[in-house]
Amino acid sequence: MIATMLGAVKRSPALPALAGLVVLCTVFSIMRPRFFTAGNLANLTTQGAQITVIAMGLVFVLLLGEIDLSAGFASGVCAGVLAVTLDQYQFPWYASVLAAVLTGTAIGLLLGFLVAKIGIPSFVVTLAAFLAFQGVALLLLEEGKNISVREPIIVAIANRNLYPWLGWALGALGVVAFAGVQFLSAARRRAKGVTAERWQVTTAKVVVLAVLVGVTVAVLNGERSANTLISSLRGVPIVVPIVVVLLILWTFVLRRTAYGRHLYAVGGNREAARRAGINVDRIRISAFVICSSMAAIGGIIAASRANSVDPNTGGSNVLLYAVGAAVIGGTSLFGGKGRAIDAVIGGLVVAVIENGMALMGYGAGIKYVVTGTVLLLAAGVDALSRKRTDAGR
Amino acid sequence: MLEVRGINKSFGPVHVLRDVGMSASTGEVTALVGDNGAGKSTLVKCIGGIYSIDAGEILIDGEPANIHSPRDAAGYGIEIVYQDLALCDNLDIVQNMFLGRERKSGLVLDEPTMEQLAAQTLSTLAVRTMANVRQPVSSLSGGQRQTVAIAKAVLWNSRLVILDEPTAALGVQQTAQVLELVRRLADNGLAVILISHNMNDVFAVSDRIAALYLGQMVAQVKTTDVTHSQVVELITSGKSEGIK
């Protein structure tokens with residue numbers, strides 16, 4: 001059983017990133033004991049959420065072998081739309097969220113159209129958009145005004161927590177649902193007499209997930225208020241279940257639907273996909289739509305975390321961290337390979353580096369250098385593994 | 001099963017096919033031979049609905065067929081296996097075989113059914129070299145990839161399978177395997193058109209030979225009635241002693 005488990009782990013494309021995550025966490029925990037406290041870990045999840053969500057959208061574009069350099073500022077523009085509609089037009093929160101996400105969808109449609117129908121390389125289209133959206137953000141916020149976001153529900157996303165019992169309930173529900181889906185599908189496959197995962201592997205997966213969820217909820221439910229007499233601060237940050245729901249949604253789309261299959265096909269061999277009757281242009285446009293819409297959600301999370309939106313929301317290193325997160329998690333820059341979970345694992349790695357280095361007292365300079373090196377390392381692993389499969393033929 | 005009559009096709013001023021007629025019957029392998037530029041691929045693409053024909057008609061079971069797109073061709077049970085395989089390396093065998101025509105139950109892909117059908121198809125083709133239908137295509141040899149491409153074409157209750165140079169990039173042993181598979185397709189009751197440059201392949205598996213020369217069909221003969229050198233003559237000069 002151990003052997004089958006190890007075999008399954010070895011084949012996982014996320015292995016380098018997971019190993020790196022464990023090493024980083026161990027090192028930081030030893031060097032700075034404060035790293036592994038409830039307060040810091042909760043902080044880490046909200047830090048990583050924006051990048052993770054943008055990275056999850058980027059996975060779709062990267063799957064096709066394209067790139068979206070404008071996702072960072074697209075998230076900034078959408079956050080700007082959120083803030084302006086809330087602040088100046090007094091929209092209810094859901095209308096503002098809808099407006100922000102629809103802005104992202106429109107941006108994605110435009111980018112996708114330019115790439116798929118006009119045929120401009122995505123690098124150029126999104127580089128132009130990168131510059132233009134920076135300008136749009138400035139115009140939207142009238143030359144650099146900072147708009148504060150006070151809407152309680154929007155602010156709650158990154159700043160409030162689930163009740164501890166709700167954290168446990170959702171965690172348990174997630175594990176049970178996962179186990180149910182896994183065992184049911186294995187049973188159905190066995191009934192049809194086709195290859196099925198060994199039940200030991202399925203059990204191991206469920207156990208690992210249960211342990212992970214259990215530890216996470218237990219730690220985040222710990223008291224992290226400095227002075228419990230004034231206030232109590234406990235529970236899983238609300239942004240965590242949001243990221244998990246997005247993860248489940250996109251994993252389902254990629255792995256269980258014909259649309260997801262077609263995305264992989266277009267990324268693997270566009271001509272083969274075209275001959276199989278797949279509408280390649282539509283698939284390419286849709287990937288940009290998903291990417292920019294996810295960037296919008298990332299922007300909303302950023303606005304919530306900062307309690308405000310300024311022209312630099314989604315700027316500076318957000319995009320590079322997001323691309324880095326996807327690639328570090330195991331998504332290939334060459335297309336055809338990538339999963340939604342990659343963004344989560346990679347996003348955690350990026351957040352851990354940023355958070356841990358800050359705790360160690362290193363400045364921004366060292367942080368950038370280390371993150372850049374990790375990104376290069378991940379891209380190197382990607383390129384080398386691709387070379388190996390090419391040579392193997 | 002298939003008959004084409006008087007097909008003409010021009011690309012601008014270039015008259016590629018001139019009054020081409022040809023037939024392919026169920027249970028037979030018809031080899032389509034000709035030099036580079038003779039119009040083999042164009043003819044096949046006309047039959048497969050990728051090009052529209054300028055004049056002439058395509059008859060399926062004696063009835064005129066309207067083929068204007070690859071989808072129409074597939075509707076008549078015509079499948080083309082292209083030279084450059086058209087497989088996705090990052091997908092596995094089952095995923096490739098069902099690409100673009102996935103089985104679904106509701107919104108969700110019906111993986112067990114697809115896997116079962118793929119395995120069945122491979123076993124009717126007596127393919128034993130692929131133990132695991134869930135391995136990615138990138139891990140397969142050239143012959144295995146060709147086998148998957150052919151199996152993909154057979155999966156759809158196709159009645160006519162057109163193979164464009166299936167052995168061009170293969171080694172000796174793999175060529176033998178693929179030719180055996182081609183023969184088996186015809187023996188299983190399909191009509192097969194095999195485009196090939198390789199006379200050994202043509203004589204090894206075909207029942208009939210159709211020779212194109214500069215866009216004209218110069219002969220359609222039984223393989224047993226001609227010799228190797230006569231066919232080469234037909235390909236290079238468009239005529240041969242004793243063949244009409």
# chains A, B, ... in the order shown; residues from 1 in each chain; ligands from 1

$ select_by_dssp --residues "stretch 8-234 of chain B" --states "helix (DSSP H, G or I)" --output "NGL selection string"
:B and (40-47 or 70-75 or 93-97 or 111-124 or 137-139 or 142-154 or 172-187 or 199-205 or 223-225 or 228-234)

$ closest_atom_pairs --of "chain B" --to "chain A" --cutoff "6 Å" --atoms "only C-alpha atoms" --output "tab-separated table"
residue	atom	partner	partner_atom	distance
B:Ala86	CA	A:Ala272	CA	4.2
B:Leu87	CA	A:Ala272	CA	5.7
B:Cys88	CA	A:Asn269	CA	5.1
B:Asn90	CA	A:Gly268	CA	5.6
B:Gly100	CA	A:Ala276	CA	5.1
B:Val108	CA	A:Thr257	CA	5.1
B:Leu109	CA	A:Thr257	CA	5.4
B:Pro112	CA	A:Arg189	CA	5.6

$ write_last_selection --atoms "N, CA and C atoms" --output "PDB file, in the first residue's frame"
ATOM      1  N   ALA B  86      -2.588  13.920 -36.503  1.00  0.00           N
ATOM      2  CA  ALA B  86      -3.628  14.678 -35.822  1.00  0.00           C
ATOM      3  C   ALA B  86      -4.042  14.067 -34.494  1.00  0.00           C
ATOM      4  N   LEU B  87      -3.061  13.709 -33.702  1.00  0.00           N
ATOM      5  CA  LEU B  87      -3.349  13.266 -32.331  1.00  0.00           C
ATOM      6  C   LEU B  87      -2.802  14.322 -31.374  1.00  0.00           C
ATOM      7  N   CYS B  88      -3.405  14.414 -30.186  1.00  0.00           N
ATOM      8  CA  CYS B  88      -2.905  15.326 -29.166  1.00  0.00           C
ATOM      9  C   CYS B  88      -2.004  14.553 -28.207  1.00  0.00           C
ATOM     10  N   ASN B  90      -0.751  15.321 -25.424  1.00  0.00           N
ATOM     11  CA  ASN B  90      -0.967  15.459 -23.984  1.00  0.00           C
ATOM     12  C   ASN B  90      -2.222  14.718 -23.520  1.00  0.00           C
ATOM     13  N   GLY B 100     -13.627  15.551 -29.690  1.00  0.00           N
ATOM     14  CA  GLY B 100     -14.630  16.259 -30.484  1.00  0.00           C
ATOM     15  C   GLY B 100     -15.960  15.545 -30.545  1.00  0.00           C
ATOM     16  N   VAL B 108     -21.561  15.879 -17.770  1.00  0.00           N
ATOM     17  CA  VAL B 108     -20.279  15.291 -17.390  1.00  0.00           C
ATOM     18  C   VAL B 108     -19.841  14.263 -18.431  1.00  0.00           C
ATOM     19  N   LEU B 109     -18.546  14.199 -18.660  1.00  0.00           N
ATOM     20  CA  LEU B 109     -18.008  13.197 -19.575  1.00  0.00           C
ATOM     21  C   LEU B 109     -18.245  11.795 -19.020  1.00  0.00           C
ATOM     22  N   PRO B 112     -16.148   5.993 -18.212  1.00  0.00           N
ATOM     23  CA  PRO B 112     -16.148   4.533 -18.280  1.00  0.00           C
ATOM     24  C   PRO B 112     -16.649   4.001 -19.617  1.00  0.00           C
TER      25      PRO B 112
END

$ atom_distance --atom1 "atom CA of B:Val232" --atom2 "atom CA of B:Thr30"
16.4 Å

$ residues_around --residues "B:Thr167" --least-positions-apart "6" --cutoff "9 Å" --atoms "only C-alpha atoms" --output "count of residues only"
11

$ residues_around --residues "B:Ile162" --least-positions-apart "3" --cutoff "9 Å" --atoms "only C-alpha atoms" --output "list of chain:residue names"
B:Val44, B:Gly48, B:Ile78, B:Glu79, B:Ile80, B:Val81, B:Tyr82, B:Ala191, B:Val192, B:Ile193, B:Leu194, B:Ile195

$ residues_around --residues "B:His197" --least-positions-apart "5" --cutoff "8 Å" --atoms "only C-alpha atoms" --output "list of chain:residue names"
B:Val33, B:Gly34, B:Asp35, B:Glu165

$ closest_residue --among "A:Gly108, A:Lys145, A:Arg34, A:Leu18" --to "A:Val309" --atoms "only C-alpha atoms"
A:Lys145

$ residues_around --residues "B:Arg183" --least-positions-apart "4" --cutoff "8 Å" --atoms "only C-alpha atoms" --output "ChimeraX atom specification"
/B:29,179,187,205-206

$ closest_residue --among "B:Ile50, B:Ala210, B:Ala169, B:Ala31" --to "B:Val182" --atoms "only C-alpha atoms"
B:Ala31

$ select_by_dssp --residues "stretch 9-242 of chain B" --states "strand (DSSP E or B)" --output "mmCIF file with N, CA and C atoms, in the first residue's frame"
data_model
loop_
_atom_site.group_PDB
_atom_site.id
_atom_site.type_symbol
_atom_site.label_atom_id
_atom_site.label_comp_id
_atom_site.auth_asym_id
_atom_site.auth_seq_id
_atom_site.Cartn_x
_atom_site.Cartn_y
_atom_site.Cartn_z
ATOM 1 N N LYS B 9 -11.406 19.796 -60.384
ATOM 2 C CA LYS B 9 -11.092 20.736 -59.300
ATOM 3 C C LYS B 9 -9.940 21.616 -59.747
ATOM 4 N N SER B 10 -10.141 22.923 -59.640
ATOM 5 C CA SER B 10 -9.065 23.864 -59.978
ATOM 6 C C SER B 10 -8.779 24.741 -58.776
ATOM 7 N N PHE B 11 -7.513 25.096 -58.637
ATOM 8 C CA PHE B 11 -7.157 26.147 -57.685
ATOM 9 C C PHE B 11 -6.674 27.306 -58.534
ATOM 10 N N VAL B 14 -4.750 26.655 -61.854
ATOM 11 C CA VAL B 14 -4.174 25.311 -61.857
ATOM 12 C C VAL B 14 -5.285 24.269 -61.836
ATOM 13 N N HIS B 15 -5.359 23.494 -62.882
ATOM 14 C CA HIS B 15 -6.379 22.466 -63.002
ATOM 15 C C HIS B 15 -5.831 21.175 -62.395
ATOM 16 N N VAL B 16 -6.221 20.892 -61.166
ATOM 17 C CA VAL B 16 -5.579 19.797 -60.435
ATOM 18 C C VAL B 16 -6.195 18.442 -60.770
ATOM 19 N N LEU B 17 -7.517 18.391 -60.842
ATOM 20 C CA LEU B 17 -8.183 17.129 -61.176
ATOM 21 C C LEU B 17 -8.995 17.309 -62.447
ATOM 22 N N ARG B 18 -8.824 16.371 -63.403
ATOM 23 C CA ARG B 18 -9.563 16.451 -64.671
ATOM 24 C C ARG B 18 -10.394 15.188 -64.846
ATOM 25 N N ASP B 19 -11.692 15.351 -64.772
ATOM 26 C CA ASP B 19 -12.618 14.238 -65.019
ATOM 27 C C ASP B 19 -12.199 12.941 -64.338
ATOM 28 N N VAL B 20 -11.917 13.031 -63.057
ATOM 29 C CA VAL B 20 -11.440 11.849 -62.349
ATOM 30 C C VAL B 20 -12.615 10.966 -61.955
ATOM 31 N N GLY B 21 -12.497 9.685 -62.254
ATOM 32 C CA GLY B 21 -13.480 8.706 -61.817
ATOM 33 C C GLY B 21 -12.774 7.623 -61.022
ATOM 34 N N MET B 22 -13.445 7.110 -60.015
ATOM 35 C CA MET B 22 -12.807 6.102 -59.180
ATOM 36 C C MET B 22 -13.884 5.420 -58.346
ATOM 37 N N SER B 23 -13.640 4.192 -57.961
ATOM 38 C CA SER B 23 -14.592 3.544 -57.061
ATOM 39 C C SER B 23 -13.856 2.760 -55.987
ATOM 40 N N ALA B 24 -14.531 2.564 -54.880
ATOM 41 C CA ALA B 24 -13.980 1.764 -53.789
ATOM 42 C C ALA B 24 -15.097 0.880 -53.271
ATOM 43 N N VAL B 29 -9.332 -3.269 -50.373
ATOM 44 C CA VAL B 29 -8.386 -2.174 -50.208
ATOM 45 C C VAL B 29 -8.062 -1.641 -51.594
ATOM 46 N N THR B 30 -8.388 -0.371 -51.841
ATOM 47 C CA THR B 30 -8.061 0.244 -53.118
ATOM 48 C C THR B 30 -6.855 1.146 -52.903
ATOM 49 N N ALA B 31 -5.759 0.831 -53.603
ATOM 50 C CA ALA B 31 -4.569 1.663 -53.454
ATOM 51 C C ALA B 31 -4.659 2.816 -54.436
ATOM 52 N N LEU B 32 -4.448 4.034 -53.946
ATOM 53 C CA LEU B 32 -4.435 5.205 -54.821
ATOM 54 C C LEU B 32 -2.980 5.629 -54.954
ATOM 55 N N VAL B 33 -2.435 5.464 -56.190
ATOM 56 C CA VAL B 33 -1.022 5.778 -56.376
ATOM 57 C C VAL B 33 -0.873 6.923 -57.364
ATOM 58 N N GLY B 34 0.303 7.523 -57.365
ATOM 59 C CA GLY B 34 0.569 8.646 -58.245
ATOM 60 C C GLY B 34 1.773 9.394 -57.730
ATOM 61 N N ALA B 55 -16.851 20.260 -60.466
ATOM 62 C CA ALA B 55 -17.812 19.532 -61.296
ATOM 63 C C ALA B 55 -17.678 18.052 -60.965
ATOM 64 N N GLY B 56 -18.706 17.293 -61.327
ATOM 65 C CA GLY B 56 -18.659 15.860 -61.069
ATOM 66 C C GLY B 56 -19.546 15.488 -59.918
ATOM 67 N N GLU B 57 -19.620 14.183 -59.624
ATOM 68 C CA GLU B 57 -20.476 13.776 -58.516
ATOM 69 C C GLU B 57 -19.856 12.640 -57.705
ATOM 70 N N ILE B 58 -20.279 12.630 -56.443
ATOM 71 C CA ILE B 58 -19.833 11.585 -55.528
ATOM 72 C C ILE B 58 -21.058 10.726 -55.221
ATOM 73 N N LEU B 59 -20.964 9.422 -55.480
ATOM 74 C CA LEU B 59 -22.084 8.522 -55.213
ATOM 75 C C LEU B 59 -21.727 7.591 -54.059
ATOM 76 N N ILE B 60 -22.659 7.491 -53.122
ATOM 77 C CA ILE B 60 -22.491 6.542 -52.030
ATOM 78 C C ILE B 60 -23.584 5.494 -52.202
ATOM 79 N N GLU B 63 -26.198 6.304 -54.710
ATOM 80 C CA GLU B 63 -27.002 7.521 -54.555
ATOM 81 C C GLU B 63 -26.083 8.739 -54.522
ATOM 82 N N PRO B 64 -26.446 9.826 -55.199
ATOM 83 C CA PRO B 64 -25.612 11.033 -55.139
ATOM 84 C C PRO B 64 -25.526 11.553 -53.694
ATOM 85 N N ILE B 78 -17.622 8.332 -43.875
ATOM 86 C CA ILE B 78 -16.287 8.458 -44.467
ATOM 87 C C ILE B 78 -15.340 9.077 -43.444
ATOM 88 N N GLU B 79 -14.234 8.416 -43.164
ATOM 89 C CA GLU B 79 -13.248 8.934 -42.213
ATOM 90 C C GLU B 79 -11.886 8.959 -42.895
ATOM 91 N N ILE B 80 -11.151 10.043 -42.676
ATOM 92 C CA ILE B 80 -9.819 10.140 -43.277
ATOM 93 C C ILE B 80 -8.761 10.120 -42.172
ATOM 94 N N VAL B 81 -7.747 9.281 -42.331
ATOM 95 C CA VAL B 81 -6.629 9.268 -41.389
ATOM 96 C C VAL B 81 -5.479 9.996 -42.073
ATOM 97 N N ASP B 92 -4.661 11.066 -23.495
ATOM 98 C CA ASP B 92 -4.420 9.627 -23.566
ATOM 99 C C ASP B 92 -5.161 9.021 -24.761
ATOM 100 N N LYS B 104 -21.241 11.825 -23.267
ATOM 101 C CA LYS B 104 -21.533 12.534 -22.031
ATOM 102 C C LYS B 104 -22.746 11.933 -21.361
ATOM 103 N N SER B 105 -22.767 11.994 -20.032
ATOM 104 C CA SER B 105 -24.031 11.732 -19.354
ATOM 105 C C SER B 105 -24.386 13.037 -18.661
ATOM 106 N N VAL B 108 -21.561 15.879 -17.770
ATOM 107 C CA VAL B 108 -20.279 15.291 -17.390
ATOM 108 C C VAL B 108 -19.841 14.263 -18.431
ATOM 109 N N LEU B 109 -18.546 14.199 -18.660
ATOM 110 C CA LEU B 109 -18.008 13.197 -19.575
ATOM 111 C C LEU B 109 -18.245 11.795 -19.020
ATOM 112 N N PRO B 136 -0.722 8.153 -22.086
ATOM 113 C CA PRO B 136 -0.729 9.301 -22.987
ATOM 114 C C PRO B 136 -0.126 8.925 -24.338
ATOM 115 N N LEU B 160 -16.158 3.810 -44.942
ATOM 116 C CA LEU B 160 -15.027 4.006 -45.848
ATOM 117 C C LEU B 160 -13.920 4.711 -45.066
ATOM 118 N N VAL B 161 -12.753 4.087 -44.990
ATOM 119 C CA VAL B 161 -11.631 4.702 -44.303
ATOM 120 C C VAL B 161 -10.558 5.022 -45.331
ATOM 121 N N ILE B 162 -10.130 6.270 -45.360
ATOM 122 C CA ILE B 162 -9.090 6.696 -46.299
ATOM 123 C C ILE B 162 -7.814 6.941 -45.503
ATOM 124 N N LEU B 163 -6.734 6.257 -45.890
ATOM 125 C CA LEU B 163 -5.476 6.369 -45.158
ATOM 126 C C LEU B 163 -4.465 7.073 -46.041
ATOM 127 N N ASP B 164 -3.948 8.201 -45.553
ATOM 128 C CA ASP B 164 -2.987 8.975 -46.332
ATOM 129 C C ASP B 164 -1.576 8.609 -45.879
ATOM 130 N N ALA B 191 -14.755 -0.415 -46.609
ATOM 131 C CA ALA B 191 -14.055 -0.052 -47.835
ATOM 132 C C ALA B 191 -12.837 0.774 -47.411
ATOM 133 N N VAL B 192 -11.678 0.474 -48.012
ATOM 134 C CA VAL B 192 -10.458 1.170 -47.610
ATOM 135 C C VAL B 192 -9.791 1.769 -48.839
ATOM 136 N N ILE B 193 -9.424 3.037 -48.750
ATOM 137 C CA ILE B 193 -8.580 3.636 -49.791
ATOM 138 C C ILE B 193 -7.240 3.946 -49.149
ATOM 139 N N LEU B 194 -6.179 3.408 -49.759
ATOM 140 C CA LEU B 194 -4.845 3.559 -49.193
ATOM 141 C C LEU B 194 -3.999 4.384 -50.156
ATOM 142 N N ILE B 195 -3.564 5.539 -49.700
ATOM 143 C CA ILE B 195 -2.653 6.328 -50.526
ATOM 144 C C ILE B 195 -1.239 5.916 -50.153
ATOM 145 N N ARG B 208 -7.151 -3.574 -55.442
ATOM 146 C CA ARG B 208 -7.189 -2.820 -56.695
ATOM 147 C C ARG B 208 -6.213 -1.676 -56.604
ATOM 148 N N ILE B 209 -5.768 -1.229 -57.770
ATOM 149 C CA ILE B 209 -4.870 -0.084 -57.811
ATOM 150 C C ILE B 209 -5.480 0.967 -58.729
ATOM 151 N N ALA B 210 -5.561 2.199 -58.241
ATOM 152 C CA ALA B 210 -6.007 3.313 -59.064
ATOM 153 C C ALA B 210 -4.814 4.243 -59.215
ATOM 154 N N ALA B 211 -4.465 4.560 -60.470
ATOM 155 C CA ALA B 211 -3.273 5.383 -60.696
ATOM 156 C C ALA B 211 -3.660 6.745 -61.238
ATOM 157 N N LEU B 212 -3.184 7.792 -60.586
ATOM 158 C CA LEU B 212 -3.409 9.162 -61.044
ATOM 159 C C LEU B 212 -2.137 9.658 -61.714
ATOM 160 N N TYR B 213 -2.298 10.360 -62.831
ATOM 161 C CA TYR B 213 -1.147 10.961 -63.484
ATOM 162 C C TYR B 213 -1.554 12.352 -63.934
ATOM 163 N N GLN B 216 -5.224 13.106 -63.866
ATOM 164 C CA GLN B 216 -6.166 12.242 -64.580
ATOM 165 C C GLN B 216 -6.035 10.812 -64.094
ATOM 166 N N MET B 217 -7.164 10.125 -64.017
ATOM 167 C CA MET B 217 -7.121 8.720 -63.607
ATOM 168 C C MET B 217 -6.727 7.908 -64.840
ATOM 169 N N VAL B 218 -5.532 7.330 -64.814
ATOM 170 C CA VAL B 218 -5.061 6.637 -66.017
ATOM 171 C C VAL B 218 -5.371 5.146 -65.984
ATOM 172 N N ALA B 219 -5.603 4.593 -64.828
ATOM 173 C CA ALA B 219 -5.964 3.180 -64.790
ATOM 174 C C ALA B 219 -6.558 2.829 -63.443
ATOM 175 N N GLN B 220 -7.525 1.919 -63.450
ATOM 176 C CA GLN B 220 -7.972 1.321 -62.190
ATOM 177 C C GLN B 220 -8.076 -0.179 -62.451
ATOM 178 N N VAL B 221 -7.128 -0.906 -61.876
ATOM 179 C CA VAL B 221 -6.963 -2.314 -62.247
ATOM 180 C C VAL B 221 -6.898 -3.198 -60.998
ATOM 181 N N LYS B 222 -7.079 -4.502 -61.235
ATOM 182 C CA LYS B 222 -6.885 -5.455 -60.142
ATOM 183 C C LYS B 222 -5.395 -5.606 -59.873
#

$ residues_around --residues "stretch 291-299 of chain A" --least-positions-apart "4" --cutoff "9 Å" --atoms "only C-alpha atoms" --output "JSON, numbers by chain"
{"A": [49, 50, 51, 52, 53, 54, 55, 56, 57, 58, 59, 60, 61, 68, 70, 71, 72, 73, 74, 75, 76, 77, 78, 79, 80, 82, 97, 100, 101, 102, 103, 104, 105, 106, 107, 108, 109, 111, 286, 287, 303, 304, 313, 314]}

$ write_last_selection --atoms "C-alpha atoms" --output "PDB file, in the first residue's frame"
ATOM      1  CA  ALA A  49      -5.645  34.621  -2.161  1.00  0.00           C
ATOM      2  CA  GLN A  50      -5.518  37.394  -4.770  1.00  0.00           C
ATOM      3  CA  ILE A  51      -2.512  35.865  -6.524  1.00  0.00           C
ATOM      4  CA  THR A  52      -3.995  32.366  -6.352  1.00  0.00           C
ATOM      5  CA  VAL A  53      -7.281  33.441  -7.912  1.00  0.00           C
ATOM      6  CA  ILE A  54      -5.578  35.350 -10.742  1.00  0.00           C
ATOM      7  CA  ALA A  55      -3.221  32.382 -11.268  1.00  0.00           C
ATOM      8  CA  MET A  56      -6.198  30.028 -11.513  1.00  0.00           C
ATOM      9  CA  GLY A  57      -7.524  32.093 -14.407  1.00  0.00           C
ATOM     10  CA  LEU A  58      -4.081  32.264 -15.984  1.00  0.00           C
ATOM     11  CA  VAL A  59      -3.927  28.449 -16.006  1.00  0.00           C
ATOM     12  CA  PHE A  60      -6.594  28.475 -18.735  1.00  0.00           C
ATOM     13  CA  VAL A  61      -4.602  30.826 -20.945  1.00  0.00           C
ATOM     14  CA  ASP A  68      -1.940  37.122 -20.412  1.00  0.00           C
ATOM     15  CA  SER A  70      -2.566  42.189 -18.488  1.00  0.00           C
ATOM     16  CA  ALA A  71      -4.295  40.053 -15.842  1.00  0.00           C
ATOM     17  CA  GLY A  72      -2.781  42.107 -13.005  1.00  0.00           C
ATOM     18  CA  PHE A  73      -3.984  45.482 -14.218  1.00  0.00           C
ATOM     19  CA  ALA A  74      -7.237  43.958 -15.462  1.00  0.00           C
ATOM     20  CA  SER A  75      -7.857  42.991 -11.836  1.00  0.00           C
ATOM     21  CA  GLY A  76      -6.976  46.568 -10.877  1.00  0.00           C
ATOM     22  CA  VAL A  77      -9.454  48.029 -13.365  1.00  0.00           C
ATOM     23  CA  CYS A  78     -12.184  45.677 -12.152  1.00  0.00           C
ATOM     24  CA  ALA A  79     -11.411  46.590  -8.539  1.00  0.00           C
ATOM     25  CA  GLY A  80     -11.683  50.221  -9.640  1.00  0.00           C
ATOM     26  CA  LEU A  82     -16.122  47.923  -7.846  1.00  0.00           C
ATOM     27  CA  VAL A  97     -19.417  42.634  -7.719  1.00  0.00           C
ATOM     28  CA  ALA A 100     -16.612  44.182 -11.697  1.00  0.00           C
ATOM     29  CA  VAL A 101     -16.809  40.580 -12.935  1.00  0.00           C
ATOM     30  CA  LEU A 102     -18.652  41.625 -16.115  1.00  0.00           C
ATOM     31  CA  THR A 103     -15.919  44.201 -16.741  1.00  0.00           C
ATOM     32  CA  GLY A 104     -13.450  41.324 -16.523  1.00  0.00           C
ATOM     33  CA  THR A 105     -15.554  39.253 -18.924  1.00  0.00           C
ATOM     34  CA  ALA A 106     -15.660  42.131 -21.411  1.00  0.00           C
ATOM     35  CA  ILE A 107     -11.890  42.589 -21.145  1.00  0.00           C
ATOM     36  CA  GLY A 108     -11.410  38.874 -21.779  1.00  0.00           C
ATOM     37  CA  LEU A 109     -13.700  38.959 -24.805  1.00  0.00           C
ATOM     38  CA  LEU A 111      -8.321  40.190 -25.652  1.00  0.00           C
ATOM     39  CA  SER A 286     -13.231  31.579 -23.787  1.00  0.00           C
ATOM     40  CA  ALA A 287      -9.882  30.995 -22.080  1.00  0.00           C
ATOM     41  CA  ALA A 303      -9.878  45.653  -2.687  1.00  0.00           C
ATOM     42  CA  SER A 304     -11.355  43.876   0.312  1.00  0.00           C
ATOM     43  CA  THR A 313      -4.123  47.775  -7.163  1.00  0.00           C
ATOM     44  CA  GLY A 314      -3.168  44.735  -9.227  1.00  0.00           C
TER      45      GLY A 314
END

$ atom_distance --atom1 "atom CA of A:Val124" --atom2 "atom CA of A:Val289"
17.2 Å

$ closest_residue --among "B:Leu125, B:Asp61, B:Leu2, B:Glu111" --to "B:Glu28" --atoms "only C-alpha atoms"
B:Leu2

$ atom_distance --atom1 "atom CA of A:Asn312" --atom2 "atom CA of A:Gly330"
28.6 Å

$ decode --residues "stretch 289-300 of chain A" --atoms "N, CA and C atoms" --output "mmCIF file, in the first residue's frame"
data_model
loop_
_atom_site.group_PDB
_atom_site.id
_atom_site.type_symbol
_atom_site.label_atom_id
_atom_site.label_comp_id
_atom_site.auth_asym_id
_atom_site.auth_seq_id
_atom_site.Cartn_x
_atom_site.Cartn_y
_atom_site.Cartn_z
ATOM 1 N N VAL A 289 -11.548 34.937 -21.596
ATOM 2 C CA VAL A 289 -12.696 35.413 -20.824
ATOM 3 C C VAL A 289 -12.608 34.897 -19.389
ATOM 4 N N ILE A 290 -12.310 33.604 -19.244
ATOM 5 C CA ILE A 290 -12.200 33.031 -17.898
ATOM 6 C C ILE A 290 -11.058 33.703 -17.146
ATOM 7 N N CYS A 291 -9.937 33.885 -17.824
ATOM 8 C CA CYS A 291 -8.765 34.480 -17.180
ATOM 9 C C CYS A 291 -9.079 35.880 -16.657
ATOM 10 N N SER A 292 -9.658 36.728 -17.498
ATOM 11 C CA SER A 292 -9.911 38.104 -17.068
ATOM 12 C C SER A 292 -11.018 38.168 -16.022
ATOM 13 N N SER A 293 -12.016 37.264 -16.132
ATOM 14 C CA SER A 293 -13.078 37.261 -15.118
ATOM 15 C C SER A 293 -12.518 36.845 -13.764
ATOM 16 N N MET A 294 -11.607 35.859 -13.783
ATOM 17 C CA MET A 294 -10.972 35.462 -12.528
ATOM 18 C C MET A 294 -10.101 36.594 -11.995
ATOM 19 N N ALA A 295 -9.460 37.331 -12.908
ATOM 20 C CA ALA A 295 -8.660 38.487 -12.480
ATOM 21 C C ALA A 295 -9.561 39.486 -11.758
ATOM 22 N N ALA A 296 -10.800 39.642 -12.255
ATOM 23 C CA ALA A 296 -11.743 40.554 -11.604
ATOM 24 C C ALA A 296 -12.016 40.100 -10.163
ATOM 25 N N ILE A 297 -12.226 38.783 -9.998
ATOM 26 C CA ILE A 297 -12.466 38.280 -8.640
ATOM 27 C C ILE A 297 -11.239 38.517 -7.770
ATOM 28 N N GLY A 298 -10.053 38.312 -8.361
ATOM 29 C CA GLY A 298 -8.811 38.611 -7.637
ATOM 30 C C GLY A 298 -8.769 40.068 -7.217
ATOM 31 N N GLY A 299 -9.225 40.958 -8.110
ATOM 32 C CA GLY A 299 -9.235 42.381 -7.803
ATOM 33 C C GLY A 299 -10.182 42.710 -6.660
ATOM 34 N N ILE A 300 -11.331 42.030 -6.637
ATOM 35 C CA ILE A 300 -12.292 42.258 -5.545
ATOM 36 C C ILE A 300 -11.657 41.852 -4.213
#
